[in-house]
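**Student:** The file below is query29.cif, mmCIF, C-alpha atoms and all ligand atoms:
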```
data_work
loop_
_atom_site.label_atom_id
_atom_site.label_comp_id
_atom_site.auth_asym_id
_atom_site.auth_seq_id
_atom_site.Cartn_x
_atom_site.Cartn_y
_atom_site.Cartn_z
CA VAL A 1493 100.90 170.61 86.05
CA ASN A 1494 97.55 171.04 87.84
CA ASP A 1495 96.87 172.82 91.11
CA GLN A 1496 97.03 169.67 93.21
CA ASP A 1497 100.38 168.67 91.68
CA SER A 1498 101.94 172.04 92.41
CA LEU A 1499 100.52 172.03 95.95
CA ARG A 1500 101.95 168.56 96.53
CA TYR A 1501 105.29 169.67 95.15
CA GLU A 1502 105.41 172.70 97.44
CA ILE A 1503 104.40 170.61 100.44
CA MET A 1504 107.26 168.18 99.74
CA GLU A 1505 109.72 171.09 99.47
CA TRP A 1506 108.57 172.60 102.76
CA LYS A 1507 108.56 169.23 104.42
CA GLU A 1508 112.21 168.81 103.57
CA LYS A 1509 113.09 172.37 104.56
CA ARG A 1510 111.55 171.89 107.99
CA ASN A 1511 112.50 168.23 108.50
CA ALA A 1512 108.82 167.44 108.93
CA ILE A 1513 106.81 164.24 108.86
CA ILE A 1514 103.16 164.01 107.78
CA LEU A 1515 100.99 161.64 109.80
CA ALA A 1516 97.45 161.04 108.51
CA HIS A 1517 94.45 159.11 109.77
CA ASN A 1518 92.59 156.63 107.56
CA TYR A 1519 89.52 158.96 107.47
CA GLU A 1520 91.35 161.89 105.85
CA LEU A 1521 90.54 163.15 102.33
CA PRO A 1522 92.08 160.98 99.55
CA GLU A 1523 94.59 163.67 98.54
CA ILE A 1524 95.78 163.92 102.16
CA GLN A 1525 96.09 160.14 102.52
CA ASP A 1526 98.21 160.15 99.36
CA ILE A 1527 100.84 162.57 100.73
CA ALA A 1528 101.17 160.93 104.17
CA ASP A 1529 104.48 159.51 105.37
CA VAL A 1530 102.50 157.37 107.78
CA LEU A 1531 98.82 156.59 107.21
CA GLY A 1532 97.07 154.58 109.86
CA ASP A 1533 94.73 154.08 112.77
CA SER A 1534 95.05 155.89 116.10
CA LEU A 1535 97.48 153.37 117.60
CA THR A 1536 99.77 153.31 114.54
CA LEU A 1537 99.85 157.12 114.51
CA ALA A 1538 100.58 157.37 118.25
CA ARG A 1539 103.43 154.87 117.80
CA ALA A 1540 104.78 156.76 114.78
CA ALA A 1541 104.65 160.02 116.76
CA ALA A 1542 106.58 158.36 119.59
CA GLN A 1543 109.30 157.08 117.26
CA THR A 1544 109.92 159.85 114.75
CA TYR A 1545 113.22 161.72 114.35
CA ALA A 1546 111.53 164.60 112.52
CA ASP A 1547 111.57 168.10 114.06
CA VAL A 1548 108.02 168.89 113.00
CA ILE A 1549 104.96 166.61 113.02
CA VAL A 1550 102.12 167.74 110.74
CA PHE A 1551 99.11 165.91 112.08
CA CYS A 1552 96.43 165.34 109.47
CA GLY A 1553 93.75 164.16 111.81
CA VAL A 1554 91.86 165.69 114.71
CA HIS A 1555 92.86 167.68 117.78
CA PHE A 1556 93.16 164.85 120.34
CA MET A 1557 95.53 163.00 117.98
CA ALA A 1558 97.81 166.04 117.64
CA GLU A 1559 97.66 166.48 121.42
CA THR A 1560 98.71 162.85 121.92
CA ALA A 1561 101.67 163.46 119.60
CA ALA A 1562 102.55 166.60 121.62
CA ILE A 1563 102.37 164.64 124.89
CA LEU A 1564 104.83 162.10 123.47
CA ASN A 1565 107.15 164.74 121.96
CA PRO A 1566 107.69 167.77 124.19
CA ASP A 1567 110.70 168.88 122.11
CA LYS A 1568 109.05 168.72 118.71
CA THR A 1569 106.65 171.07 116.99
CA VAL A 1570 103.25 169.47 116.44
CA LEU A 1571 101.04 171.19 113.86
CA LEU A 1572 97.32 170.71 113.22
CA PRO A 1573 96.52 172.32 109.84
CA ASP A 1574 93.00 173.32 111.00
CA ILE A 1575 92.62 174.10 114.69
CA HIS A 1576 88.86 173.51 114.48
CA ALA A 1577 89.29 169.81 113.66
CA GLY A 1578 87.79 168.48 116.88
CA CYS A 1579 85.93 165.29 117.77
CA SER A 1580 82.36 164.89 119.03
CA LEU A 1581 83.36 161.78 120.97
CA ALA A 1582 86.26 163.48 122.77
CA ASP A 1583 83.86 166.33 123.60
CA SER A 1584 81.40 163.94 125.27
CA ILE A 1585 83.37 163.93 128.55
CA THR A 1586 85.01 166.86 130.35
CA LEU A 1587 87.55 166.91 133.14
CA ALA A 1588 84.79 167.91 135.61
CA ASP A 1589 82.61 164.99 134.43
CA LEU A 1590 85.45 162.55 134.98
CA ARG A 1591 86.36 163.91 138.42
CA ASN A 1592 82.74 163.60 139.45
CA TRP A 1593 82.49 160.05 138.16
CA LYS A 1594 85.75 159.05 139.87
CA SER A 1595 84.52 160.37 143.19
CA ALA A 1596 81.72 157.78 143.08
CA TYR A 1597 84.25 154.97 142.37
CA PRO A 1598 87.48 156.07 144.09
CA ASP A 1599 89.22 152.69 143.75
CA ALA A 1600 88.40 152.04 140.11
CA ALA A 1601 90.94 151.99 137.28
CA VAL A 1602 90.13 154.58 134.62
CA VAL A 1603 90.48 153.40 131.02
CA SER A 1604 90.21 156.24 128.51
CA TYR A 1605 89.85 155.80 124.80
CA ILE A 1606 92.49 157.80 122.95
CA ASN A 1607 89.61 160.02 121.70
CA THR A 1608 89.81 162.24 124.81
CA SER A 1609 91.41 165.56 125.74
CA ALA A 1610 94.87 165.70 127.35
CA GLU A 1611 93.20 166.82 130.61
CA VAL A 1612 91.03 163.70 130.68
CA LYS A 1613 94.03 161.49 129.87
CA ALA A 1614 95.91 163.11 132.77
CA GLU A 1615 93.16 161.84 135.12
CA SER A 1616 93.29 158.31 133.64
CA ASP A 1617 95.22 155.15 134.49
CA TYR A 1618 95.23 153.62 131.01
CA CYS A 1619 94.61 154.75 127.48
CA CYS A 1620 93.38 152.44 124.75
CA THR A 1621 92.43 152.55 121.09
CA SER A 1622 89.97 150.36 119.20
CA SER A 1623 92.79 147.98 118.30
CA ASN A 1624 93.93 147.25 121.86
CA ALA A 1625 90.95 148.04 124.14
CA ILE A 1626 90.32 144.35 124.92
CA LYS A 1627 94.00 143.73 125.74
CA VAL A 1628 94.13 146.81 127.98
CA VAL A 1629 91.03 145.77 129.95
CA GLU A 1630 92.33 142.20 130.25
CA SER A 1631 95.59 143.51 131.71
CA ILE A 1632 93.74 144.99 134.71
CA PRO A 1633 93.33 142.62 137.70
CA GLU A 1634 89.86 140.96 137.80
CA GLU A 1635 88.90 142.37 141.18
CA LYS A 1636 89.52 145.97 140.16
CA GLU A 1637 86.50 147.99 139.08
CA ILE A 1638 86.89 149.78 135.75
CA LEU A 1639 85.56 153.12 134.53
CA PHE A 1640 85.61 152.92 130.74
CA LEU A 1641 85.16 156.13 128.75
CA PRO A 1642 83.85 157.84 126.72
CA ASP A 1643 82.38 155.57 124.00
CA MET A 1644 79.39 153.44 125.00
CA PHE A 1645 79.45 151.24 121.89
CA LEU A 1646 83.15 150.44 122.20
CA GLY A 1647 82.60 149.91 125.94
CA ALA A 1648 79.74 147.46 125.36
CA TYR A 1649 81.84 145.60 122.80
CA VAL A 1650 84.81 145.31 125.17
CA GLN A 1651 82.56 144.25 128.04
CA ARG A 1652 80.98 141.52 125.94
CA ALA A 1653 84.32 140.33 124.54
CA THR A 1654 86.03 140.18 127.96
CA GLY A 1655 82.99 139.12 130.04
CA ARG A 1656 84.05 141.78 132.55
CA LYS A 1657 81.25 142.40 135.08
CA ASN A 1658 82.72 145.23 137.18
CA MET A 1659 83.08 147.69 134.30
CA HIS A 1660 81.15 150.97 134.20
CA ILE A 1661 80.74 152.64 130.83
CA TRP A 1662 80.39 156.35 130.04
CA MET A 1663 77.43 157.08 127.74
CA GLY A 1664 79.33 159.04 125.10
CA GLU A 1665 79.29 158.47 121.36
CA CYS A 1666 80.83 159.58 118.09
CA HIS A 1667 77.98 161.12 116.10
CA VAL A 1668 79.36 159.69 112.84
CA HIS A 1669 79.65 156.08 114.02
CA ALA A 1670 76.52 156.14 116.18
CA GLY A 1671 74.64 156.95 112.97
CA ILE A 1672 75.60 153.61 111.39
CA SER A 1673 72.59 151.57 112.50
CA PRO A 1674 71.69 147.87 112.52
CA ALA A 1675 69.11 148.69 109.79
CA ASP A 1676 71.89 150.12 107.56
CA VAL A 1677 73.86 146.88 107.81
CA ASP A 1678 70.73 144.83 107.22
CA ASN A 1679 69.83 146.78 104.08
CA VAL A 1680 73.27 146.50 102.49
CA PHE A 1681 73.49 142.79 103.39
CA ARG A 1682 70.28 142.21 101.46
CA ASP A 1683 71.99 143.49 98.29
CA TYR A 1684 75.33 141.77 98.97
CA PRO A 1685 74.51 138.55 100.89
CA ASP A 1686 77.95 136.98 100.27
CA ALA A 1687 79.98 140.00 101.37
CA GLU A 1688 82.26 140.09 104.36
CA LEU A 1689 81.18 142.54 107.06
CA LEU A 1690 83.83 144.76 108.72
CA ILE A 1691 82.51 146.82 111.64
CA HIS A 1692 84.22 149.47 113.73
CA PRO A 1693 83.28 148.93 117.41
CA GLU A 1694 82.27 152.63 117.77
CA CYS A 1695 79.31 151.99 115.42
CA GLY A 1696 75.68 152.10 116.51
CA CYS A 1697 75.40 148.64 114.92
CA SER A 1698 78.30 147.01 116.80
CA THR A 1699 76.35 145.74 119.85
CA SER A 1700 73.51 144.25 117.81
CA SER A 1701 76.02 142.69 115.41
CA MET A 1702 77.78 140.96 118.31
CA TYR A 1703 74.42 139.65 119.46
CA LEU A 1704 73.47 138.43 115.96
CA LEU A 1705 76.90 136.85 115.65
CA SER A 1706 76.45 134.90 118.89
CA GLU A 1707 72.97 133.79 117.72
CA GLY A 1708 74.40 132.50 114.44
CA GLN A 1709 72.45 135.11 112.42
CA LEU A 1710 75.62 136.67 111.02
CA PRO A 1711 78.31 134.46 109.44
CA LYS A 1712 81.16 134.02 111.94
CA GLU A 1713 83.93 133.69 109.39
CA ARG A 1714 82.70 136.78 107.49
CA THR A 1715 81.94 139.21 110.32
CA HIS A 1716 84.74 141.10 112.06
CA LEU A 1717 84.86 143.97 114.57
CA LEU A 1718 88.08 145.86 113.92
CA SER A 1719 89.94 149.15 114.19
CA THR A 1720 90.45 151.01 110.90
CA GLY A 1721 93.97 149.55 110.65
CA GLY A 1722 92.56 146.07 111.33
CA MET A 1723 89.99 146.57 108.56
CA LEU A 1724 92.67 147.49 106.02
CA GLU A 1725 94.68 144.39 106.98
CA ARG A 1726 91.63 142.14 106.75
CA ALA A 1727 90.61 143.59 103.36
CA LYS A 1728 94.09 142.74 102.02
CA ASN A 1729 94.37 139.26 103.48
CA SER A 1730 90.81 137.95 103.22
CA PRO A 1731 89.81 135.61 100.38
CA SER A 1732 86.47 137.51 100.03
CA SER A 1733 85.91 139.80 97.06
CA GLN A 1734 83.11 141.98 98.50
CA PHE A 1735 83.15 143.89 101.79
CA ILE A 1736 80.54 145.91 103.64
CA ILE A 1737 82.36 148.61 105.59
CA ALA A 1738 80.74 149.98 108.73
CA THR A 1739 82.88 153.01 109.62
CA GLU A 1740 83.67 156.52 108.36
CA THR A 1741 83.74 156.33 104.55
CA GLY A 1742 87.20 157.93 104.10
CA ILE A 1743 88.77 154.52 104.63
CA LEU A 1744 87.38 153.28 101.31
CA HIS A 1745 90.02 155.27 99.40
CA GLN A 1746 92.92 153.25 100.80
CA MET A 1747 90.98 149.97 100.61
CA GLU A 1748 90.22 150.47 96.93
CA LYS A 1749 93.77 151.58 96.23
CA GLU A 1750 95.28 148.51 97.87
CA ASN A 1751 92.73 146.03 96.48
CA PRO A 1752 91.74 147.09 92.95
CA ASN A 1753 89.97 143.80 92.25
CA LYS A 1754 87.75 143.82 95.34
CA THR A 1755 84.48 145.69 95.96
CA PHE A 1756 83.89 147.84 99.04
CA ILE A 1757 80.43 149.05 100.00
CA ALA A 1758 79.83 151.63 102.74
CA ALA A 1759 77.20 150.46 105.24
CA ASN A 1760 76.07 154.11 105.43
CA ARG A 1761 77.34 156.50 102.78
CA SER A 1762 76.60 159.55 104.87
CA ALA A 1763 78.98 158.43 107.63
CA VAL A 1764 81.43 161.26 106.96
CA CYS A 1765 83.41 162.92 109.74
CA PRO A 1766 83.28 166.70 109.13
CA PHE A 1767 86.32 167.22 111.38
CA MET A 1768 88.60 164.84 109.49
CA LYS A 1769 87.62 166.50 106.20
CA MET A 1770 88.70 169.95 107.43
CA ILE A 1771 92.31 169.12 106.59
CA THR A 1772 93.04 170.06 102.97
CA LEU A 1773 96.22 170.35 100.85
CA PRO A 1774 96.27 174.21 100.97
CA LYS A 1775 95.96 174.06 104.78
CA VAL A 1776 98.80 171.53 105.05
CA LEU A 1777 101.05 173.81 102.98
CA GLU A 1778 100.01 176.84 105.03
CA SER A 1779 100.70 174.99 108.27
CA LEU A 1780 104.27 174.18 107.19
CA LYS A 1781 104.96 177.68 105.89
CA GLU A 1782 103.39 179.63 108.76
CA ASN A 1783 104.06 177.13 111.56
CA GLN A 1784 100.37 176.84 112.39
CA HIS A 1785 98.54 175.70 114.41
CA VAL A 1786 100.93 174.62 117.11
CA VAL A 1787 99.33 172.11 119.48
CA SER A 1788 100.97 171.96 122.88
CA VAL A 1789 100.11 170.70 126.34
CA SER A 1790 101.15 172.29 129.65
CA GLU A 1791 104.03 170.44 131.31
CA THR A 1792 102.02 169.36 134.39
CA ILE A 1793 99.23 167.84 132.30
CA ARG A 1794 101.69 166.40 129.81
CA GLN A 1795 103.61 164.45 132.44
CA ARG A 1796 100.44 162.97 133.94
CA ALA A 1797 98.86 162.21 130.55
CA ARG A 1798 102.00 160.47 129.35
CA LEU A 1799 101.72 157.60 131.82
CA PRO A 1800 98.43 156.08 130.54
CA ILE A 1801 99.64 156.48 126.94
CA ASP A 1802 102.97 154.79 127.68
CA ARG A 1803 101.12 151.96 129.44
CA MET A 1804 98.94 151.52 126.37
CA ILE A 1805 101.89 151.50 123.97
CA ALA A 1806 103.66 148.92 126.17
CA ILE A 1807 100.56 146.66 126.25
CA GLY A 1808 100.47 146.72 122.44
P1 LIG B 1 90.87 153.92 114.82
O1 LIG B 1 91.45 154.41 113.54
O2 LIG B 1 91.92 153.80 115.87
O3 LIG B 1 90.12 152.65 114.61
O4 LIG B 1 89.87 155.05 115.36
C1 LIG B 1 88.74 155.46 114.77
C2 LIG B 1 88.36 156.86 115.04
O5 LIG B 1 87.21 157.19 115.19
C3 LIG B 1 89.36 157.90 115.11
O6 LIG B 1 88.76 159.09 115.26
FE1 LIG B 2 85.73 161.82 116.43
FE2 LIG B 2 83.95 160.31 115.25
FE3 LIG B 2 85.30 162.02 113.79
FE4 LIG B 2 86.54 159.85 114.81
S1 LIG B 2 84.92 159.86 113.30
S2 LIG B 2 87.27 161.96 114.83
S3 LIG B 2 85.45 159.61 116.74
S4 LIG B 2 83.87 162.54 115.43
#
```
Would you write the structure of this file as structure tokens?
Ligand code: 13P
Ligand code: SF4
**Tutor:**
Amino acid sequence: VNDQDSLRYEIMEWKEKRNAIILAHNYELPEIQDIADVLGDSLTLARAAAQTYADVIVFCGVHFMAETAAILNPDKTVLLPDIHAGCSLADSITLADLRNWKSAYPDAAVVSYINTSAEVKAESDYCCTSSNAIKVVESIPEEKEILFLPDMFLGAYVQRATGRKNMHIWMGECHVHAGISPADVDNVFRDYPDAELLIHPECGCSTSSMYLLSEGQLPKERTHLLSTGGMLERAKNSPSSQFIIATETGILHQMEKENPNKTFIAANRSAVCPFMKMITLPKVLESLKENQHVVSVSETIRQRARLPIDRMIAIG
């Protein structure tokens, strides 16, 4: 029995003892993905957090995800195994920034990506994730102005896809995805010209890819902008055998596991989220044993932040 096996065994024992569930994002380390009860994208994990009967939720992801679970579950214990697992995108807008922005557009509807703090969500009308951002924007009456935050690449993608003119976009970015450039995609395509291209809309290459797609310079049937969950689905169901993946590289573990006969190539191999990789097996065990680190949200903020999340979950 090696160290990882005994850690896994202990984690399972503690999970049972505490009636806990382990939720993990698709960017987590392989060994964390492998112990998850639910592995998925942000929307899948928010839904799982809303539906669970467990007493304890161990969130193997980043802080805003654990906070979202806490907003949905005031009576459960939500644990983040490393309290420093933050998110550069969520940090790109503060409550003061948003209040300032809103004062310039007092009648606008605020659409916040799930990658935001609970305080920012509490000042928002709708939440969205990469898998439902278009649907959420389309659900808002045409004449209503929209403040979309905080990701500029996702915002530009949604604006292009919906043709929405009265949408203002915050200039935030995720440093990991912003670093995946059009040149990266171009280079990998040169080596794998027949591959299918799966792009996360947060990427620095997403806007140019949409342009190239509309100009016929990228193959329509082989280019898709998707959430991480959407990418995993597409990889399973597509007839292609090679895929260029433009997102955080942690997702390749699950893709390769589910599709042993297909080839997956990272558009940029250094696209690694340091925050997602902070969660390790020893920290998961420690979190269950020591009840750390509890993520909670004050009741006033929680009640206000719940509304935009519930709206998002209802939209789909
Ligand atoms: P999704 O998994 O919802 O596509 O989100 C990507 C992401 O950057 C989460 O931090
Ligand atoms: Fe945040 Fe980017 Fe890491 Fe996702 S990949 S958690 S958006 S820093």
**Student:** Near Ala1601 in chain A, within 8 Å and counting all atoms listed in the file, which residues show up once chain neighbours fewer than 5 positions away are dropped, as a compact mmCIF listing (two decimals) with C-alpha atoms, in the frame of the given file?
**Tutor:**
```txt
# COMPACT_ATOMS: atom_id res chain seq x y z
CA SER A 1616 93.29 158.31 133.64
CA ASP A 1617 95.22 155.15 134.49
CA TYR A 1618 95.23 153.62 131.01
CA ILE A 1632 93.74 144.99 134.71
CA LYS A 1636 89.52 145.97 140.16
CA GLU A 1637 86.50 147.99 139.08
CA ILE A 1638 86.89 149.78 135.75
CA LEU A 1639 85.56 153.12 134.53
```
**Student:** Using only C-alpha atoms and all ligand atoms, find each residue with an atom at most 9 Å away from ligand LIG 1 (chain B) and format the answer as a PyMOL selection string.
**Tutor:** chain A and resi 1517-1519+1532-1537+1553-1554+1556-1557+1579+1581+1606-1607+1621-1623+1666+1668-1669+1692-1694+1718-1723+1739-1740+1765+1768
**Student:** Figure out the distance between CA of His1555 in chain A and CA of Val1787 in chain A, please, to one decimal in Å.
**Tutor:**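 Computing it gives 8.0 Å between the two atoms.
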**Student:** Fewer than 3 positions away in the same chain doesn't count, so skip those; otherwise give me all residues within 10 Å of Pro1731 in chain A, counting all atoms listed in the file, as a list in words.
**Tutor:** Glu1688, Arg1726, Ala1727, Lys1728, Gln1734 and Lys1754 of chain A
**Student:** Residues near Arg1510 in chain A, anyone? I mean within 9 Å using all atoms listed in the file, not counting same-chain ones fewer than 3 positions away, as a PyMOL selection string.
**Tutor:** chain A and resi 1505-1507+1546-1548+1780
**Student:** Which residue gives the smallest distance to ligand LIG 2 (chain B) among A:Ala1582, A:Val1629, A:Leu1777, A:Ile1737, with only C-alpha atoms and all ligand atoms counted?
**Tutor:**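 Nearest candidate to ligand LIG 2 (chain B) out of A:Ala1582, A:Val1629, A:Leu1777, A:Ile1737: A:Ala1582.
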**Student:** Distance CA of Trp1593 in chain A-CA of Ser1673 in chain A, one decimal place?
**Tutor:**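 Distance between the two atoms: 28.8 Å.
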**Student:** List the neighbours of range 1650-1662 of chain A out to 10 Å using all atoms listed in the file; skip same-chain residues closer than 4 positions along the sequence, and give me the result as an MDAnalysis selection string.
**Tutor:** chainID A and resid 1584:1585 1589:1590 1593 1597 1600:1604 1622 1624:1630 1634:1646 1693 1699 1702:1703
**Student:** Please provide as a PyMOL selection string all residues within 12 Å of Asp1683 in chain A, with the sequence filter that same-chain residues fewer than 3 positions apart are discarded (counting only C-alpha atoms).
**Tutor:** chain A and resi 1676-1680+1686-1687+1734-1736+1757+1759
**Student:** Rank nothing, just name the residue among A:Asn1729, A:Ser1701, A:Thr1608, A:Ser1790 nearest to ligand LIG 2 (chain B), using all atoms listed in the file.
**Tutor:**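 The answer is A:Thr1608, which sits nearest to ligand LIG 2 (chain B).
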**Student:** Quick one: of A:Glu1523, A:Glu1665, A:Asp1802, A:Glu1615, who's nearest to ligand LIG 2 (chain B), counting all atoms listed in the file?
**Tutor:** A:Glu1665
**Student:** For a quick check of understanding, using all atoms listed in the file, which of A:Leu1690, A:Thr1755, A:Lys1775, A:Ala1738 has the smallest distance to Arg1500 in chain A?
**Tutor:**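 Ranking A:Leu1690, A:Thr1755, A:Lys1775, A:Ala1738 by distance to Arg1500 in chain A, first place goes to A:Lys1775.
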**Student:** Determine the nearest neighbour of ligand LIG 2 (chain B) from the options A:Pro1685, A:Pro1598, A:Gly1578, A:Pro1774, counting all atoms listed in the file.
**Tutor:**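 The closest residue to ligand LIG 2 (chain B) is A:Gly1578.
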**Student:** Between CA of Val1789 in chain A and CA of Asp1574 in chain A, what is the distance in Å, rounded to a tenth?
**Tutor:**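 Going from CA of Val1789 in chain A over to CA of Asp1574 in chain A, I get 17.1 Å.
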**Student:** Using the file's own x, y and z axes, so that the box edges lie along x, y and z, what centre and edge lengths in Å (one decimal) does a box around every listed atom of ligand LIG 2 (chain B) get when 8 Å is added on each side? Give it as lines of an AutoDock Vina configuration file.
**Tutor:**
```
center_x = 85.6
center_y = 161.1
center_z = 115.0
size_x = 19.4
size_y = 18.9
size_z = 19.4
```
**Student:** Using only C-alpha atoms and all ligand atoms, which of the listed residues (A:Ala1670, A:Met1504, A:Met1804, A:Leu1564) sits closest to ligand LIG 2 (chain B)?
**Tutor:**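 Counting only C-alpha atoms and all ligand atoms, the residue closest to ligand LIG 2 (chain B) is A:Ala1670.
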